[in-house]
file upload.tsv (TSV, C-alpha atoms)
chain	number	residue	atom	x	y	z
A	174	MET	CA	21.35	3.89	17.65
A	175	GLN	CA	21.50	0.45	16.04
A	176	ILE	CA	18.42	-0.39	13.98
A	177	LEU	CA	17.83	-3.82	12.50
A	178	ALA	CA	15.33	-4.72	9.80
A	179	ILE	CA	13.96	-8.25	9.93
A	180	ILE	CA	12.07	-9.66	6.96
A	181	PRO	CA	10.26	-12.84	8.07
A	182	ALA	CA	9.98	-15.18	5.09
A	183	ARG	CA	8.91	-18.71	5.92
A	184	SER	CA	8.58	-21.21	3.10
A	185	GLY	CA	5.29	-22.88	3.94
A	186	SER	CA	2.66	-20.57	2.47
A	187	LYS	CA	-0.60	-22.37	1.79
A	188	SER	CA	-2.55	-19.65	-0.04
A	189	VAL	CA	0.12	-19.10	-2.72
A	190	ARG	CA	2.82	-21.76	-3.01
A	191	ASN	CA	6.30	-20.35	-2.31
A	192	LYS	CA	4.69	-16.91	-2.17
A	193	ASN	CA	7.66	-15.14	-0.62
A	194	ILE	CA	9.94	-15.99	-3.55
A	195	ARG	CA	7.39	-15.86	-6.36
A	196	LEU	CA	8.58	-13.67	-9.22
A	197	LEU	CA	6.76	-10.35	-9.32
A	198	ASN	CA	7.63	-8.27	-12.36
A	199	GLY	CA	10.80	-10.34	-12.73
A	200	LYS	CA	11.95	-10.18	-9.10
A	201	PRO	CA	11.31	-12.45	-6.06
A	202	LEU	CA	8.69	-10.99	-3.74
A	203	LEU	CA	10.97	-10.85	-0.71
A	204	ALA	CA	13.56	-8.86	-2.71
A	205	TYR	CA	11.31	-5.79	-2.67
A	206	SER	CA	11.36	-5.62	1.13
A	207	VAL	CA	15.13	-6.13	1.19
A	208	GLU	CA	15.52	-3.20	-1.18
A	209	HIS	CA	13.20	-1.04	0.95
A	210	ALA	CA	15.27	-1.77	4.07
A	211	LEU	CA	18.57	-1.10	2.32
A	212	ALA	CA	17.24	2.26	1.08
A	213	SER	CA	16.38	3.49	4.59
A	214	HIS	CA	18.52	6.27	6.05
A	215	TYR	CA	18.44	4.67	9.50
A	216	ILE	CA	18.47	0.89	9.13
A	217	ASP	CA	22.04	-0.36	9.40
A	218	ARG	CA	21.50	-4.11	9.14
A	219	VAL	CA	19.04	-6.18	7.10
A	220	ILE	CA	18.25	-9.81	7.94
A	221	VAL	CA	15.88	-12.24	6.26
A	222	ASP	CA	14.52	-14.69	8.83
A	223	THR	CA	13.66	-17.91	6.99
A	224	ASP	CA	13.40	-21.64	7.53
A	225	SER	CA	14.61	-22.38	3.97
A	226	GLU	CA	18.16	-22.56	2.61
A	227	ASP	CA	16.76	-21.81	-0.85
A	228	TYR	CA	15.10	-18.64	0.41
A	229	ALA	CA	18.31	-17.72	2.24
A	230	GLU	CA	20.32	-17.94	-0.97
A	231	ILE	CA	17.87	-15.64	-2.77
A	232	ALA	CA	17.91	-13.18	0.14
A	233	ARG	CA	21.70	-12.97	0.11
A	234	GLU	CA	21.65	-12.40	-3.66
A	235	TYR	CA	19.65	-9.21	-3.08
A	236	GLY	CA	21.85	-7.88	-0.28
A	237	ALA	CA	20.38	-9.24	2.96
A	238	GLU	CA	22.10	-11.29	5.65
A	239	VAL	CA	20.86	-14.70	6.75
A	240	PRO	CA	22.96	-15.45	9.85
A	241	TYR	CA	20.77	-18.35	11.00
A	242	ILE	CA	18.00	-20.61	9.74
A	243	ARG	CA	14.70	-20.42	11.60
A	244	PRO	CA	13.80	-23.68	13.43
A	245	ALA	CA	10.98	-25.63	11.81
A	246	LYS	CA	8.86	-25.40	14.99
A	247	LEU	CA	8.73	-21.61	14.50
A	248	ALA	CA	7.69	-21.87	10.84
A	249	GLU	CA	4.22	-23.32	11.30
A	250	ASP	CA	0.98	-21.69	10.20
A	251	THR	CA	0.21	-20.96	13.84
A	252	SER	CA	3.66	-19.59	14.78
A	253	LEU	CA	3.46	-16.14	16.36
A	254	ASP	CA	5.51	-13.10	15.28
A	255	TYR	CA	6.60	-12.73	18.89
A	256	GLU	CA	8.12	-16.24	18.95
A	257	VAL	CA	9.98	-15.61	15.69
A	258	PHE	CA	11.36	-12.23	16.75
A	259	TYR	CA	12.25	-13.35	20.27
A	260	HIS	CA	14.24	-16.20	18.72
A	261	ALA	CA	15.93	-13.81	16.28
A	262	LEU	CA	17.03	-11.35	18.95
A	263	THR	CA	18.25	-13.96	21.43
A	264	CYS	CA	20.06	-15.82	18.66
A	265	LEU	CA	21.92	-12.68	17.54
A	266	ARG	CA	22.65	-11.65	21.13
A	267	ASP	CA	24.01	-15.04	22.17
A	268	ARG	CA	26.00	-15.75	19.00
A	269	GLU	CA	27.32	-12.29	18.17
A	270	GLY	CA	26.75	-10.09	21.21
A	271	TYR	CA	24.60	-7.96	18.94
A	272	LEU	CA	21.41	-6.36	20.27
A	273	PRO	CA	19.93	-3.41	18.33
A	274	GLU	CA	17.83	-0.76	20.03
A	275	MET	CA	15.04	-0.98	17.43
A	276	ILE	CA	13.61	-3.63	15.14
A	277	VAL	CA	11.81	-2.83	11.89
A	278	GLN	CA	9.55	-5.60	10.66
A	279	LEU	CA	9.00	-5.55	6.89
A	280	ARG	CA	6.74	-8.35	5.73
A	281	PRO	CA	7.77	-9.73	2.32
A	282	THR	CA	4.15	-9.80	1.18
A	283	TYR	CA	4.19	-5.99	0.96
A	284	PRO	CA	6.15	-5.23	-2.24
A	285	ILE	CA	5.04	-1.60	-2.57
A	286	ARG	CA	6.25	0.80	0.14
A	287	ASP	CA	7.45	4.36	0.40
A	288	VAL	CA	10.83	4.21	2.16
A	289	LYS	CA	10.05	7.61	3.70
A	290	ASP	CA	7.34	5.89	5.73
A	291	ILE	CA	9.93	3.55	7.25
A	292	ASP	CA	12.16	6.45	8.25
A	293	ASN	CA	9.25	8.54	9.54
A	294	MET	CA	8.14	5.70	11.81
A	295	ILE	CA	11.67	5.19	13.14
A	296	GLU	CA	11.87	8.92	13.91
A	297	MET	CA	8.51	8.79	15.72
A	298	LEU	CA	9.69	6.04	18.06
A	299	GLU	CA	13.04	7.72	18.60
A	300	ARG	CA	11.33	10.97	19.64
A	301	ASN	CA	9.00	9.31	22.16
A	302	ASP	CA	10.90	7.56	24.94
A	303	ASN	CA	7.67	6.24	26.49
A	304	ALA	CA	6.41	4.47	23.37
A	305	ASP	CA	6.96	0.74	22.92
A	306	SER	CA	6.29	0.59	19.18
A	307	VAL	CA	4.87	2.28	16.10
A	308	ARG	CA	2.32	0.49	13.94
A	309	CYS	CA	0.92	1.68	10.61
A	310	VAL	CA	-2.82	1.74	10.05
A	311	VAL	CA	-5.31	2.64	7.32
A	312	PRO	CA	-8.82	4.07	7.71
A	313	ALA	CA	-11.26	1.18	7.97
A	314	LYS	CA	-13.95	1.10	5.30
A	315	GLU	CA	-16.41	-0.85	7.42
A	316	ILE	CA	-17.93	0.78	10.51
A	317	ALA	CA	-16.93	-1.22	13.56
A	318	TYR	CA	-19.61	0.48	15.67
A	319	LYS	CA	-22.23	-1.24	13.50
A	320	MET	CA	-20.70	-4.70	13.90
A	321	TRP	CA	-22.13	-7.47	16.07
A	322	ARG	CA	-21.30	-10.71	17.81
A	323	VAL	CA	-23.86	-13.48	17.42
A	324	GLN	CA	-24.33	-15.87	20.35
A	325	ASP	CA	-25.14	-19.56	20.04
A	326	ASP	CA	-28.78	-18.83	20.82
A	327	GLY	CA	-28.98	-16.26	18.02
A	328	ARG	CA	-28.90	-13.21	20.25
A	329	MET	CA	-26.74	-10.31	19.02
A	330	THR	CA	-24.48	-8.09	21.09
A	331	PRO	CA	-22.60	-5.04	19.72
A	332	LEU	CA	-18.89	-5.41	19.11
A	333	LEU	CA	-18.12	-1.96	20.56
A	334	THR	CA	-19.97	-0.66	23.60
A	335	ASP	CA	-18.20	2.58	24.57
A	336	ILE	CA	-20.95	4.64	22.85
A	337	PRO	CA	-24.52	3.68	23.85
A	338	GLU	CA	-26.54	2.41	20.88
A	339	ALA	CA	-23.89	3.53	18.40
A	340	TYR	CA	-25.35	1.04	15.93
A	341	ASN	CA	-28.43	3.27	15.68
A	342	MET	CA	-26.43	6.45	15.00
A	343	PRO	CA	-25.51	7.97	11.61
A	344	ARG	CA	-22.08	6.81	10.44
A	345	GLN	CA	-20.96	10.44	9.98
A	346	VAL	CA	-21.06	11.14	13.73
A	347	LEU	CA	-19.21	7.98	14.80
A	348	PRO	CA	-15.46	8.01	15.57
A	349	ALA	CA	-13.01	7.04	12.85
A	350	ILE	CA	-11.72	3.47	13.11
A	351	TYR	CA	-8.37	2.24	11.79
A	352	TYR	CA	-7.13	-1.16	10.62
A	353	GLN	CA	-3.51	-2.30	10.85
A	354	ASN	CA	-2.24	-2.81	7.31
A	355	ALA	CA	0.86	-4.96	8.01
A	356	CYS	CA	3.20	-2.74	6.03
A	357	ILE	CA	5.74	-1.66	8.66
A	358	ASP	CA	6.21	-2.24	12.39
A	359	VAL	CA	8.90	-0.48	14.41
A	360	ILE	CA	9.48	-2.00	17.85
A	361	ARG	CA	11.97	-1.50	20.64
A	362	SER	CA	14.00	-4.64	21.32
A	363	SER	CA	13.16	-4.24	25.00
A	364	THR	CA	9.46	-4.53	24.14
A	365	ILE	CA	10.09	-7.99	22.69
A	366	LEU	CA	12.66	-9.26	25.19
A	367	GLU	CA	11.34	-7.73	28.43
A	368	LYS	CA	7.62	-7.16	27.81
A	369	HIS	CA	7.29	-10.31	25.70
A	370	SER	CA	5.18	-8.51	23.13
A	371	MET	CA	5.40	-7.35	19.51
A	372	SER	CA	3.74	-4.05	20.37
A	373	GLY	CA	3.78	-3.32	24.10
A	374	GLU	CA	1.09	-1.15	25.67
A	375	TYR	CA	2.08	2.28	24.34
A	376	ILE	CA	1.63	2.00	20.59
A	377	LEU	CA	2.00	5.01	18.31
A	378	SER	CA	-0.07	5.18	15.14
A	379	TYR	CA	1.22	6.00	11.68
A	380	ILE	CA	-1.69	6.58	9.34
A	381	MET	CA	-1.44	5.52	5.70
A	382	ASP	CA	-4.06	5.43	2.96
A	383	HIS	CA	-3.03	2.24	1.17
A	384	PHE	CA	-3.09	-1.52	1.54
A	385	PHE	CA	-0.76	-3.62	-0.62
A	386	ASP	CA	-0.50	-6.88	1.32
A	387	ILE	CA	-0.55	-10.02	-0.87
A	388	ASP	CA	-2.39	-13.09	0.40
A	389	THR	CA	-3.86	-14.62	-2.74
A	390	GLU	CA	-2.99	-15.47	-6.32
A	391	GLU	CA	-5.45	-12.80	-7.48
A	392	GLU	CA	-3.72	-10.12	-5.43
A	393	LEU	CA	-0.34	-11.19	-6.81
A	394	ILE	CA	-1.64	-10.81	-10.38
A	395	LYS	CA	-3.17	-7.40	-9.60
A	396	CYS	CA	0.05	-6.20	-8.02
A	397	GLU	CA	2.07	-7.25	-11.07
A	398	LYS	CA	-0.33	-5.39	-13.35
A	399	TYR	CA	-0.03	-2.33	-11.14
A	400	LEU	CA	3.77	-2.38	-11.16
A	401	LYS	CA	3.87	-2.82	-14.94
A	402	LEU	CA	1.50	0.09	-15.43
A	403	LEU	CA	3.35	2.31	-13.01
A	404	ASN	CA	6.89	1.55	-14.17
A	405	SER	CA	6.48	0.77	-17.85
A	406	LYS	CA	7.86	4.13	-19.10
A	407	LYS	CA	5.14	4.16	-21.73
A	408	LYS	CA	3.03	6.85	-23.38
A	409	TYR	CA	-0.51	7.13	-22.03
A	410	VAL	CA	-3.17	9.13	-23.88
A	411	PHE	CA	-6.17	10.26	-21.80
A	412	ASP	CA	-9.40	11.84	-22.93
A	413	ILE	CA	-10.41	14.85	-20.83
A	414	ASP	CA	-14.20	14.90	-20.68
A	415	GLY	CA	-15.70	11.74	-19.27
A	416	VAL	CA	-12.31	10.61	-17.92
A	417	ILE	CA	-10.44	13.47	-16.23
A	418	ALA	CA	-13.47	15.75	-16.02
A	419	LYS	CA	-17.11	14.86	-15.42
A	420	TYR	CA	-18.90	14.84	-18.75
A	421	ARG	CA	-21.09	17.87	-19.62
A	422	GLU	CA	-24.10	17.16	-21.83
A	423	ASP	CA	-24.49	20.91	-22.47
A	424	LEU	CA	-20.83	21.18	-23.64
A	425	ASP	CA	-20.25	23.99	-21.10
A	426	TYR	CA	-16.69	22.85	-20.42
A	427	ALA	CA	-15.92	25.92	-18.32
A	428	SER	CA	-18.21	24.44	-15.64
A	429	ALA	CA	-16.73	20.95	-15.83
A	430	LEU	CA	-15.81	19.33	-12.51
A	431	PRO	CA	-12.65	17.23	-12.03
A	432	ASP	CA	-12.61	13.51	-11.36
A	433	LYS	CA	-10.15	13.58	-8.48
A	434	ARG	CA	-9.62	9.80	-8.50
A	435	MET	CA	-8.46	9.79	-12.12
A	436	ILE	CA	-6.26	12.85	-11.60
A	437	GLN	CA	-4.54	11.08	-8.73
A	438	ILE	CA	-3.94	8.00	-10.89
A	439	ILE	CA	-2.58	10.02	-13.82
A	440	ASN	CA	-0.26	11.95	-11.52
A	441	ARG	CA	1.08	8.65	-10.19
A	442	LEU	CA	1.82	7.51	-13.73
A	443	TYR	CA	3.44	10.87	-14.49
A	444	ASP	CA	5.63	10.79	-11.36
A	445	ALA	CA	6.78	7.26	-12.29
A	446	GLY	CA	8.26	8.60	-15.53
A	447	ASN	CA	5.51	7.74	-18.00
A	448	ASP	CA	4.64	10.13	-20.83
A	449	ILE	CA	1.16	11.65	-20.34
A	450	VAL	CA	-0.72	13.07	-23.33
A	451	LEU	CA	-4.20	14.62	-23.07
A	452	PHE	CA	-6.51	14.52	-26.07
A	453	THR	CA	-9.86	16.31	-26.38
A	454	ALA	CA	-12.72	17.01	-28.80
A	455	ARG	CA	-13.60	20.28	-27.05
A	456	GLY	CA	-14.74	22.76	-29.67
A	457	TYR	CA	-14.88	20.23	-32.51
A	458	LYS	CA	-18.65	20.67	-32.92
A	459	THR	CA	-19.04	24.34	-32.00
A	460	GLY	CA	-15.79	25.81	-33.26
A	461	ILE	CA	-15.17	27.45	-29.86
A	462	ASN	CA	-11.53	27.62	-28.79
A	463	TRP	CA	-11.36	26.02	-25.34
A	464	GLU	CA	-7.57	25.83	-25.05
A	465	GLU	CA	-6.96	28.65	-22.58
A	466	ILE	CA	-9.83	27.61	-20.30
A	467	THR	CA	-8.76	23.96	-20.50
A	468	ARG	CA	-5.16	24.72	-19.57
A	469	ARG	CA	-6.32	26.85	-16.62
A	470	GLN	CA	-8.62	24.05	-15.47
A	471	LEU	CA	-5.90	21.41	-15.64
A	472	ALA	CA	-3.53	23.65	-13.66
A	473	ALA	CA	-6.20	24.37	-11.03
A	474	TRP	CA	-6.95	20.64	-10.72
A	475	GLY	CA	-3.25	19.88	-10.19
A	476	LEU	CA	-3.01	17.49	-13.14
A	477	ARG	CA	0.53	16.81	-14.36
A	478	TYR	CA	0.98	16.04	-18.06
A	479	HIS	CA	3.41	16.47	-20.94
A	480	GLU	CA	1.22	17.37	-23.90
A	481	LEU	CA	-2.31	18.63	-24.61
A	482	LYS	CA	-3.83	17.95	-28.03
A	483	PHE	CA	-7.03	19.36	-29.54
A	484	GLY	CA	-8.77	18.07	-32.66
A	485	LYS	CA	-10.09	14.70	-31.57
A	486	PRO	CA	-13.24	14.08	-33.68
A	487	ASP	CA	-16.54	13.96	-31.85
A	488	ALA	CA	-18.18	10.52	-31.86
A	489	ASP	CA	-20.74	8.39	-30.08
A	490	TYR	CA	-18.25	5.53	-29.65
A	491	TYR	CA	-14.47	5.15	-29.87
A	492	ILE	CA	-12.86	1.78	-30.59
A	493	ASP	CA	-9.17	1.32	-29.98
A	494	ASP	CA	-7.03	-1.82	-30.04
A	495	LYS	CA	-4.75	-0.38	-27.32
A	496	MET	CA	-7.55	0.70	-25.00
A	497	LEU	CA	-7.07	0.36	-21.23
A	498	ASP	CA	-10.43	0.25	-19.48
A	499	ILE	CA	-11.02	3.03	-16.95
A	500	ARG	CA	-12.57	0.49	-14.60
A	501	GLU	CA	-9.37	-1.54	-14.60
A	502	LEU	CA	-7.31	1.54	-13.70
A	503	LEU	CA	-9.66	2.38	-10.86
A	504	GLU	CA	-9.60	-1.20	-9.58
A	505	LEU	CA	-5.80	-1.29	-9.56
A	506	PHE	CA	-5.16	2.17	-8.14
A	507	GLU	CA	-8.10	3.17	-6.01
A	508	PRO	CA	-7.67	2.36	-2.28
A	509	ARG	CA	-9.97	-0.20	-0.73
A	510	GLU	CA	-9.85	-2.29	2.38
A	511	LYS	CA	-7.61	-4.97	0.88
A	512	GLY	CA	-5.77	-6.14	-2.20
A	513	VAL	CA	-5.62	-2.86	-4.13
A	514	TRP	CA	-2.48	-1.08	-5.19
A	515	LYS	CA	-2.45	2.67	-4.89

call {"tool": "encode", "arguments": {"input": "upload.tsv", "output": "structure tokens"}}
result
Amino acid sequence: MQILAIIPARSGSKSVRNKNIRLLNGKPLLAYSVEHALASHYIDRVIVDTDSEDYAEIAREYGAEVPYIRPAKLAEDTSLDYEVFYHALTCLRDREGYLPEMIVQLRPTYPIRDVKDIDNMIEMLERNDNADSVRCVVPAKEIAYKMWRVQDDGRMTPLLTDIPEAYNMPRQVLPAIYYQNACIDVIRSSTILEKHSMSGEYILSYIMDHFFDIDTEEELIKCEKYLKLLNSKKKYVFDIDGVIAKYREDLDYASALPDKRMIQIINRLYDAGNDIVLFTARGYKTGINWEEITRRQLAAWGLRYHELKFGKPDADYYIDDKMLDIRELLELFEPREKGVWK
């Protein structure tokens, strides 16, 4: 089966000038998607679809093909994905006699992907002959059943009507809703050429928990901070109580509960090759040896680290010139609806 990755990278971004080639951690944004496509086990050809010769040169530098330049009429703000991909497929078919069975769309504004997700989605479509496409989604944070349309006269009507008066029901009993996150689309060529659609009617879902799409300057800056934190190969020192574990006023550390969000973040840093050191004042006041209990706790919580140090002095405040604010870590790593890098 021939599988083509297309990375659509027009040059006319209004929100962030030349967004698709902006340097992110020293590399053009579109280069990340090229690298993701090249790392797939199934994709056998990678094309950057662009209206710019400058963009084309950068794409080729990172290993992609640019066999044509997109016409200017298909590079407008209002141009549809379908128009761009229909042009790409017919152009390749007519010029080269090349027509792949599947197309993988990788938007260049998504610099953080797990290549395994690409391959998993390809396998899903390959296994289901009836499906037209696979689209990745994330759980929506807002409850669509409590959303409304407002008419010109001020009257409201519910957005979703399949459940009577759902807007008066507790959120916990309402169905889960998902939002497409623009990370990866896998589509049969026949869906585009014959059904004239980027999705078709039979769309398989691939559920993710993250959203890395870049639309604004602020999101670009956040993403760069995230990548630097994740791939810096630095030593990070974390306090245990109040950071990794919920703080205990009674100093009964055996009953401490884990902060699962922070553990997830630290494990990400660990898996990226950073050196993780844990530092604690447990027992400094009382003289109790908490080491065995602490090590058992950390193992039970699934925290990965390199070194555990006791002997931190107890204090009301700590001041450090190399401090990284916990809130900044949570903002960069914790999943939200948009613009957060997990």

call {"tool": "atom_distance", "arguments": {"input": "upload.tsv", "atom1": "atom CA of Ile216 of chain A", "atom2": "atom CA of Arg266 of chain A"}}
result
17.9 Å

call {"tool": "closest_residue", "arguments": {"input": "upload.tsv", "among": "A:Ile295, A:Ala349, A:Val359, A:Leu247", "to": "Ile179 of chain A", "atoms": "only C-alpha atoms"}}
result
A:Val359

call {"tool": "residues_around", "arguments": {"input": "upload.tsv", "residues": "segment 377-381 of chain A", "least_positions_apart": "5", "cutoff": "10 Å", "atoms": "only C-alpha atoms", "output": "JSON, numbers by chain"}}
result
{"A": [290, 293, 294, 297, 298, 301, 304, 305, 306, 307, 308, 309, 310, 311, 312, 351, 352, 353, 354, 356, 357, 358, 359, 372]}

call {"tool": "atom_distance", "arguments": {"input": "upload.tsv", "atom1": "atom CA of Thr263 of chain A", "atom2": "atom CA of Arg218 of chain A"}}
result
16.1 Å

call {"tool": "closest_residue", "arguments": {"input": "upload.tsv", "among": "A:Ala212, A:Met496, A:Leu253, A:Leu451", "to": "Asp292 of chain A", "atoms": "all atoms listed in the file"}}
result
A:Ala212

call {"tool": "residues_around", "arguments": {"input": "upload.tsv", "residues": "Ala178 of chain A", "least_positions_apart": "2", "cutoff": "9 Å", "atoms": "all atoms listed in the file", "output": "MDAnalysis selection string"}}
result
chainID A and resid 176 180 207 210:211 216:221 275:279 359

call {"tool": "residues_near_point", "arguments": {"input": "upload.tsv", "point": "(-21.4, 8.9, 17.6)", "cutoff": "12 Å", "atoms": "only C-alpha atoms", "output": "PDB file with C-alpha atoms, keeping the file's coordinate frame"}}
result
ATOM      1  CA  ILE A 316     -17.930   0.780  10.510  1.00  0.00           C
ATOM      2  CA  ALA A 317     -16.930  -1.220  13.560  1.00  0.00           C
ATOM      3  CA  TYR A 318     -19.610   0.480  15.670  1.00  0.00           C
ATOM      4  CA  LYS A 319     -22.230  -1.240  13.500  1.00  0.00           C
ATOM      5  CA  LEU A 333     -18.120  -1.960  20.560  1.00  0.00           C
ATOM      6  CA  THR A 334     -19.970  -0.660  23.600  1.00  0.00           C
ATOM      7  CA  ASP A 335     -18.200   2.580  24.570  1.00  0.00           C
ATOM      8  CA  ILE A 336     -20.950   4.640  22.850  1.00  0.00           C
ATOM      9  CA  PRO A 337     -24.520   3.680  23.850  1.00  0.00           C
ATOM     10  CA  GLU A 338     -26.540   2.410  20.880  1.00  0.00           C
ATOM     11  CA  ALA A 339     -23.890   3.530  18.400  1.00  0.00           C
ATOM     12  CA  TYR A 340     -25.350   1.040  15.930  1.00  0.00           C
ATOM     13  CA  ASN A 341     -28.430   3.270  15.680  1.00  0.00           C
ATOM     14  CA  MET A 342     -26.430   6.450  15.000  1.00  0.00           C
ATOM     15  CA  PRO A 343     -25.510   7.970  11.610  1.00  0.00           C
ATOM     16  CA  ARG A 344     -22.080   6.810  10.440  1.00  0.00           C
ATOM     17  CA  GLN A 345     -20.960  10.440   9.980  1.00  0.00           C
ATOM     18  CA  VAL A 346     -21.060  11.140  13.730  1.00  0.00           C
ATOM     19  CA  LEU A 347     -19.210   7.980  14.800  1.00  0.00           C
ATOM     20  CA  PRO A 348     -15.460   8.010  15.570  1.00  0.00           C
ATOM     21  CA  ALA A 349     -13.010   7.040  12.850  1.00  0.00           C
ATOM     22  CA  ILE A 350     -11.720   3.470  13.110  1.00  0.00           C
TER      23      ILE A 350
END

call {"tool": "atom_distance", "arguments": {"input": "upload.tsv", "atom1": "atom CA of Ile242 of chain A", "atom2": "atom CA of Tyr255 of chain A"}}
result
16.6 Å

call {"tool": "residues_around", "arguments": {"input": "upload.tsv", "residues": "Pro331 of chain A", "least_positions_apart": "4", "cutoff": "7 Å", "atoms": "only C-alpha atoms", "output": "PDB file with C-alpha atoms, in the coordinates of the input"}}
result
ATOM      1  CA  MET A 320     -20.700  -4.700  13.900  1.00  0.00           C
ATOM      2  CA  TRP A 321     -22.130  -7.470  16.070  1.00  0.00           C
ATOM      3  CA  ARG A 322     -21.300 -10.710  17.810  1.00  0.00           C
TER       4      ARG A 322
END

call {"tool": "closest_residue", "arguments": {"input": "upload.tsv", "among": "A:Ser363, A:Thr467, A:Asn198, A:Asn191", "to": "Lys398 of chain A", "atoms": "only C-alpha atoms"}}
result
A:Asn198

call {"tool": "residues_around", "arguments": {"input": "upload.tsv", "residues": "segment 231-235 of chain A", "least_positions_apart": "2", "cutoff": "9 Å", "atoms": "only C-alpha atoms", "output": "PyMOL selection string"}}
result
chain A and resi 194+201+203-204+207-208+220-221+226-229+237-239

call {"tool": "closest_residue", "arguments": {"input": "upload.tsv", "among": "A:Ala429, A:Ile439, A:Ala445, A:Leu265", "to": "Asp414 of chain A", "atoms": "only C-alpha atoms"}}
result
A:Ala429

call {"tool": "axis_aligned_box", "arguments": {"input": "upload.tsv", "around": "segment 411-428 of chain A", "padding_each_side": "3 Å", "output": "AutoDock Vina command-line options"}}
result
--center_x -15.3 --center_y 18.1 --center_z -19.5 --size_x 24.3 --size_y 21.7 --size_z 14.2

call {"tool": "closest_residue", "arguments": {"input": "upload.tsv", "among": "A:Arg190, A:Glu274, A:His369, A:Glu299", "to": "Tyr259 of chain A", "atoms": "only C-alpha atoms"}}
result
A:His369

call {"tool": "closest_residue", "arguments": {"input": "upload.tsv", "among": "A:Leu502, A:Ile466, A:Leu393, A:Leu442", "to": "Tyr426 of chain A", "atoms": "only C-alpha atoms"}}
result
A:Ile466

call {"tool": "residues_near_point", "arguments": {"input": "upload.tsv", "point": "(-16.7, 19.8, -20.2)", "cutoff": "12 Å", "atoms": "only C-alpha atoms", "output": "PyMOL selection string"}}
result
chain A and resi 412-432+453-456+463-464+466-467+470-471

call {"tool": "residues_around", "arguments": {"input": "upload.tsv", "residues": "Tyr478 of chain A", "least_positions_apart": "2", "cutoff": "7 Å", "atoms": "all atoms listed in the file", "output": "list in words"}}
result
Tyr443, Ile449, Val450, Leu476 and Glu480 of chain A
